[in-house]
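Below is start-v5.txt, which holds compact mmCIF, C-alpha atoms and all ligand atoms.
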```
# COMPACT_ATOMS: atom_id res chain seq x y z
CA MET Z 55 28.50 115.26 26.88
CA MET Z 56 26.63 116.75 29.83
CA LYS Z 57 26.94 113.64 32.00
CA ASP Z 58 30.76 113.78 31.75
CA ASP Z 59 30.63 116.88 34.00
CA ILE Z 60 29.34 114.80 36.92
CA GLU Z 61 31.87 113.59 39.51
CA GLU Z 62 29.53 111.29 41.40
CA ILE Z 63 25.85 110.34 41.45
CA LEU Z 64 24.48 111.20 44.90
CA VAL Z 65 20.80 110.25 44.50
CA SER Z 66 20.09 107.77 41.70
CA GLU Z 67 17.00 107.45 39.49
CA THR Z 68 15.98 104.35 41.44
CA GLN Z 69 16.33 106.13 44.77
CA ILE Z 70 14.33 109.11 43.49
CA ARG Z 71 11.54 106.79 42.34
CA GLU Z 72 11.42 105.08 45.76
CA ILE Z 73 11.34 108.48 47.49
CA CYS Z 74 8.40 109.64 45.34
CA ILE Z 75 6.43 106.44 46.08
CA GLN Z 76 7.11 106.64 49.83
CA LEU Z 77 6.44 110.39 50.23
CA GLY Z 78 3.38 110.19 47.97
CA ALA Z 79 1.87 107.48 50.18
CA GLN Z 80 2.65 109.43 53.34
CA ILE Z 81 1.13 112.66 51.97
CA THR Z 82 -1.94 110.76 50.72
CA HIS Z 83 -2.41 109.38 54.23
CA ASP Z 84 -1.79 112.68 56.05
CA TYR Z 85 -4.13 114.77 53.84
CA GLN Z 86 -6.85 112.14 53.31
CA ASP Z 87 -9.75 114.39 54.35
CA LYS Z 88 -8.36 117.50 52.66
CA LYS Z 89 -7.92 118.98 49.20
CA PRO Z 90 -4.40 120.42 49.50
CA LEU Z 91 -2.98 123.17 47.34
CA LEU Z 92 0.37 121.96 46.06
CA ILE Z 93 2.69 124.88 45.35
CA GLY Z 94 5.88 124.29 43.41
CA LEU Z 95 8.66 126.84 43.56
CA LEU Z 96 10.02 127.23 40.03
CA LYS Z 97 12.17 126.26 38.35
CA GLY Z 98 13.84 123.59 40.44
CA CYS Z 99 10.62 121.89 41.54
CA ILE Z 100 9.54 120.71 38.07
CA PRO Z 101 10.95 117.14 37.83
CA PHE Z 102 10.27 116.28 41.49
CA MET Z 103 6.79 117.78 41.53
CA SER Z 104 5.75 116.03 38.32
CA ASP Z 105 6.95 112.64 39.62
CA LEU Z 106 5.71 113.07 43.20
CA VAL Z 107 2.13 114.08 42.30
CA LYS Z 108 1.64 110.80 40.41
CA HIS Z 109 1.87 109.06 43.78
CA ILE Z 110 -0.53 111.37 45.65
CA ASP Z 111 -3.98 109.77 45.43
CA LEU Z 112 -6.05 112.83 46.40
CA TYR Z 113 -7.93 115.69 44.77
CA VAL Z 114 -5.38 118.48 44.70
CA ASP Z 115 -4.91 121.95 43.22
CA MET Z 116 -1.53 122.68 41.70
CA GLU Z 117 0.09 126.10 41.51
CA TYR Z 118 3.55 127.44 40.72
CA LEU Z 119 5.43 130.45 42.00
CA SER Z 120 8.73 131.78 40.76
CA VAL Z 121 11.10 132.51 43.57
CA SER Z 122 14.76 133.14 43.08
CA SER Z 123 17.69 133.56 45.41
CA TYR Z 124 20.73 131.97 43.82
CA HIS Z 125 20.80 134.01 40.62
CA GLY Z 126 22.68 131.24 38.81
CA GLY Z 127 25.76 130.90 41.02
CA ILE Z 128 26.76 128.22 43.51
CA ALA Z 129 26.01 130.12 46.74
CA SER Z 130 22.71 131.56 47.95
CA THR Z 131 22.52 135.34 48.13
CA GLY Z 132 19.80 135.31 50.77
CA ASP Z 133 17.87 137.78 48.63
CA VAL Z 134 14.52 136.05 48.01
CA LYS Z 135 12.30 137.50 45.28
CA ILE Z 136 8.82 136.43 44.10
CA THR Z 137 8.93 136.98 40.35
CA LYS Z 138 5.68 135.14 39.50
CA ASP Z 139 2.96 135.08 42.12
CA SER Z 140 0.01 132.70 42.69
CA ASP Z 141 -3.14 133.05 40.60
CA ILE Z 142 -5.14 131.16 43.26
CA SER Z 143 -6.22 132.60 46.63
CA LEU Z 144 -4.33 130.99 49.50
CA LYS Z 145 -6.92 131.91 52.14
CA ASN Z 146 -7.97 128.95 54.31
CA ARG Z 147 -6.05 126.51 52.09
CA ASP Z 148 -3.91 123.62 53.27
CA ILE Z 149 -0.72 124.35 51.38
CA LEU Z 150 2.05 121.90 50.66
CA ILE Z 151 5.12 123.60 49.21
CA ILE Z 152 7.17 121.36 46.94
CA GLU Z 153 10.90 122.05 46.83
CA ASP Z 154 13.87 120.38 45.20
CA ILE Z 155 16.25 121.45 47.98
CA VAL Z 156 16.33 123.24 51.32
CA ASP Z 157 19.84 124.64 51.77
CA THR Z 158 20.25 127.89 53.75
CA ALA Z 159 16.43 127.78 54.35
CA ASN Z 160 16.18 131.45 53.32
CA THR Z 161 13.73 130.68 50.51
CA ILE Z 162 11.44 128.36 52.43
CA THR Z 163 11.26 130.37 55.65
CA THR Z 164 10.43 133.49 53.62
CA MET Z 165 7.68 131.67 51.72
CA LEU Z 166 6.23 130.14 54.90
CA GLU Z 167 5.88 133.63 56.31
CA VAL Z 168 4.28 134.97 53.11
CA PHE Z 169 1.73 132.13 52.88
CA LYS Z 170 0.78 132.33 56.55
CA ASN Z 171 0.29 136.10 56.24
CA ARG Z 172 -2.09 135.46 53.34
CA GLY Z 173 -4.40 133.41 55.57
CA ALA Z 174 -3.47 129.82 54.71
CA ASN Z 175 -5.00 127.26 57.07
CA SER Z 176 -1.79 125.23 57.17
CA VAL Z 177 1.54 125.31 55.36
CA LYS Z 178 3.88 122.33 55.15
CA VAL Z 179 6.94 121.61 53.07
CA VAL Z 180 8.09 118.58 51.13
CA THR Z 181 11.63 118.63 49.79
CA LEU Z 182 13.49 116.03 47.78
CA LEU Z 183 16.81 117.09 49.27
CA ASP Z 184 17.62 118.48 52.67
CA LYS Z 185 21.08 119.96 53.19
CA PRO Z 186 21.17 120.79 56.94
CA GLY Z 187 24.88 121.69 56.74
CA GLY Z 188 23.98 124.72 54.60
CA ARG Z 189 21.56 126.34 57.06
CA LEU Z 190 21.78 130.03 57.91
CA LYS Z 191 18.74 129.69 60.17
CA PRO Z 192 17.19 126.74 62.01
CA TYR Z 193 14.47 124.96 60.01
CA THR Z 194 13.35 121.34 59.48
CA PRO Z 195 11.11 120.45 56.49
CA ASP Z 196 7.96 118.41 57.21
CA TYR Z 197 8.70 115.78 54.55
CA ILE Z 198 12.26 114.99 53.45
CA GLY Z 199 13.23 112.73 50.55
CA THR Z 200 16.84 112.36 51.58
CA THR Z 201 19.50 114.28 53.50
CA ILE Z 202 22.68 115.23 51.64
CA PRO Z 203 26.09 116.52 52.73
CA ASN Z 204 27.06 120.18 52.36
CA GLN Z 205 28.16 119.91 48.74
CA PHE Z 206 26.99 121.70 45.61
CA VAL Z 207 24.70 119.37 43.66
CA VAL Z 208 22.98 119.55 40.29
CA GLY Z 209 20.41 117.56 38.35
CA TYR Z 210 16.74 116.60 38.58
CA GLY Z 211 15.74 120.29 38.70
CA LEU Z 212 18.86 121.72 40.30
CA ASP Z 213 21.03 123.89 38.10
CA TYR Z 214 24.42 125.44 37.72
CA ASN Z 215 24.09 128.56 35.52
CA GLU Z 216 20.69 127.17 34.40
CA LEU Z 217 22.26 123.93 33.10
CA TYR Z 218 21.94 120.30 34.31
CA ARG Z 219 18.28 120.57 35.42
CA ASN Z 220 17.46 117.77 32.95
CA LEU Z 221 19.79 115.17 34.49
CA PRO Z 222 17.64 112.23 35.65
CA TYR Z 223 19.58 111.99 38.94
CA VAL Z 224 21.22 114.29 41.50
CA GLY Z 225 24.99 114.47 41.26
CA ILE Z 226 28.06 116.35 42.33
CA LEU Z 227 29.51 118.58 39.65
CA LYS Z 228 33.21 118.24 38.87
CA LYS Z 229 35.04 121.20 40.41
CA ALA Z 230 36.75 121.86 37.08
CA VAL Z 231 33.37 122.86 35.63
CA TYR Z 232 33.04 125.91 37.88
CA SER Z 233 36.68 126.68 38.63
CA ASN Z 234 37.81 126.54 34.97
CA LYS Z 235 40.57 124.04 35.87
CA GLU Z 236 41.11 120.66 34.31
CA SER Z 237 40.31 117.73 36.64
C1 LIG Z 301 16.92 126.94 44.76
C2 LIG Z 301 16.00 125.80 45.17
C3 LIG Z 301 15.28 126.35 46.36
C4 LIG Z 301 16.30 127.27 46.98
C5 LIG Z 301 16.91 126.59 48.17
O1 LIG Z 301 16.21 127.83 43.97
O2 LIG Z 301 15.11 125.46 44.13
O3 LIG Z 301 14.12 127.08 46.00
O4 LIG Z 301 17.28 127.55 45.99
O5 LIG Z 301 17.95 127.35 48.69
P1 LIG Z 301 17.92 128.05 50.12
O6 LIG Z 301 17.42 127.05 51.13
O7 LIG Z 301 19.39 128.39 50.34
O8 LIG Z 301 17.06 129.26 50.04
P2 LIG Z 301 16.86 128.99 43.10
O9 LIG Z 301 16.68 130.28 43.81
O10 LIG Z 301 18.26 128.61 42.72
O11 LIG Z 301 15.94 129.03 41.81
P3 LIG Z 301 15.64 127.84 40.75
O12 LIG Z 301 14.73 126.85 41.41
O13 LIG Z 301 14.97 128.54 39.62
O14 LIG Z 301 16.97 127.23 40.37
```

Kindly return the structure encoded in the file as structure tokens.
Amino acid sequence: MMKDDIEEILVSETQIREICIQLGAQITHDYQDKKPLLIGLLKGCIPFMSDLVKHIDLYVDMEYLSVSSYHGGIASTGDVKITKDSDISLKNRDILIIEDIVDTANTITTMLEVFKNRGANSVKVVTLLDKPGGRLKPYTPDYIGTTIPNQFVVGYGLDYNELYRNLPYVGILKKAVYSNKES
């Protein structure tokens, strides 16, 4: 079964629920006079974005962009590509980018630059997971669910070769799964 491939649960379903409640309340407070444009970066954002928005008590627009840099492996290539762009104008909008993870920060710093160049009024970032040990450039997200060690994680949107996104928690994959050795 899929769950047998997980060595250890790093962020449990209960913890994720608490994070969504807490960040949702904070975002509701911080954007109370605004109508933010929430932008999810596909595909990893899906579970977190769908749970987080239920705890944001504001009028919001929701949009999705496809951005890819990992190309299915376990290390970022640093090559960020927009493969599906926004249908909504970003001009003068208060944008909140929703991410599952900030690792090297290549993706998010590229997207911040793109959105600012398109005339956004403000651009902030909420990420479920922050992995500061993976950084290739200095960057701190505005809203962080939890900080994790520099390990490869899957689940709750995060994949390995497109699998494991449907795990209800974030976990560490057994090394045997990607090194073809028995554990
Ligand atoms: C993952 C994740 C972030 C990005 C973070 O996306 O969803 O967008 O990598 O990594 P970075 O900080 O090193 O740039 P990925 O490109 O794997 O696409 P996916 O969401 O479709 O899995």

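Counting from atom P1 of ligand LIG 301 (chain Z), the distance to atom CA of Z:Asp115 is 24.6 Å.
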
For ligand LIG 301 (chain Z), I'd like the enclosing box, axis-aligned and padded by 4 Å on every side, reported as JSON with centre and edge lengths in Å to one decimal.
```
{"center_x": 16.8, "center_y": 127.9, "center_z": 45.4, "size_x": 13.3, "size_y": 12.8, "size_z": 19.5}
```

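Minimum atom-to-atom distance to Z:Val231, evaluated using all atoms listed in the file, belongs to Z:Leu217 out of Z:Ile100, Z:Leu217, Z:Leu119, Z:Ile75.
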
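With a cut-off of 7 Å and using all atoms listed in the file, the polymer residues contacting ligand LIG 301 (chain Z) are Leu95, Leu96, Lys97, Gly98, Cys99, Val121, Ser122, Ser123, Tyr124, His125, Gly126, Ser130, Gly132, Glu153, Asp154, Ile155, Val156, Asp157, Thr158, Ala159, Asn160, Thr161, Ile162, Leu212 and Asp213 of chain Z.
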
Interatomic distance between atom CA of Z:Arg172 and atom CA of Z:Pro186?
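Interatomic distance, atom CA of Z:Arg172 to atom CA of Z:Pro186: 27.7 Å.
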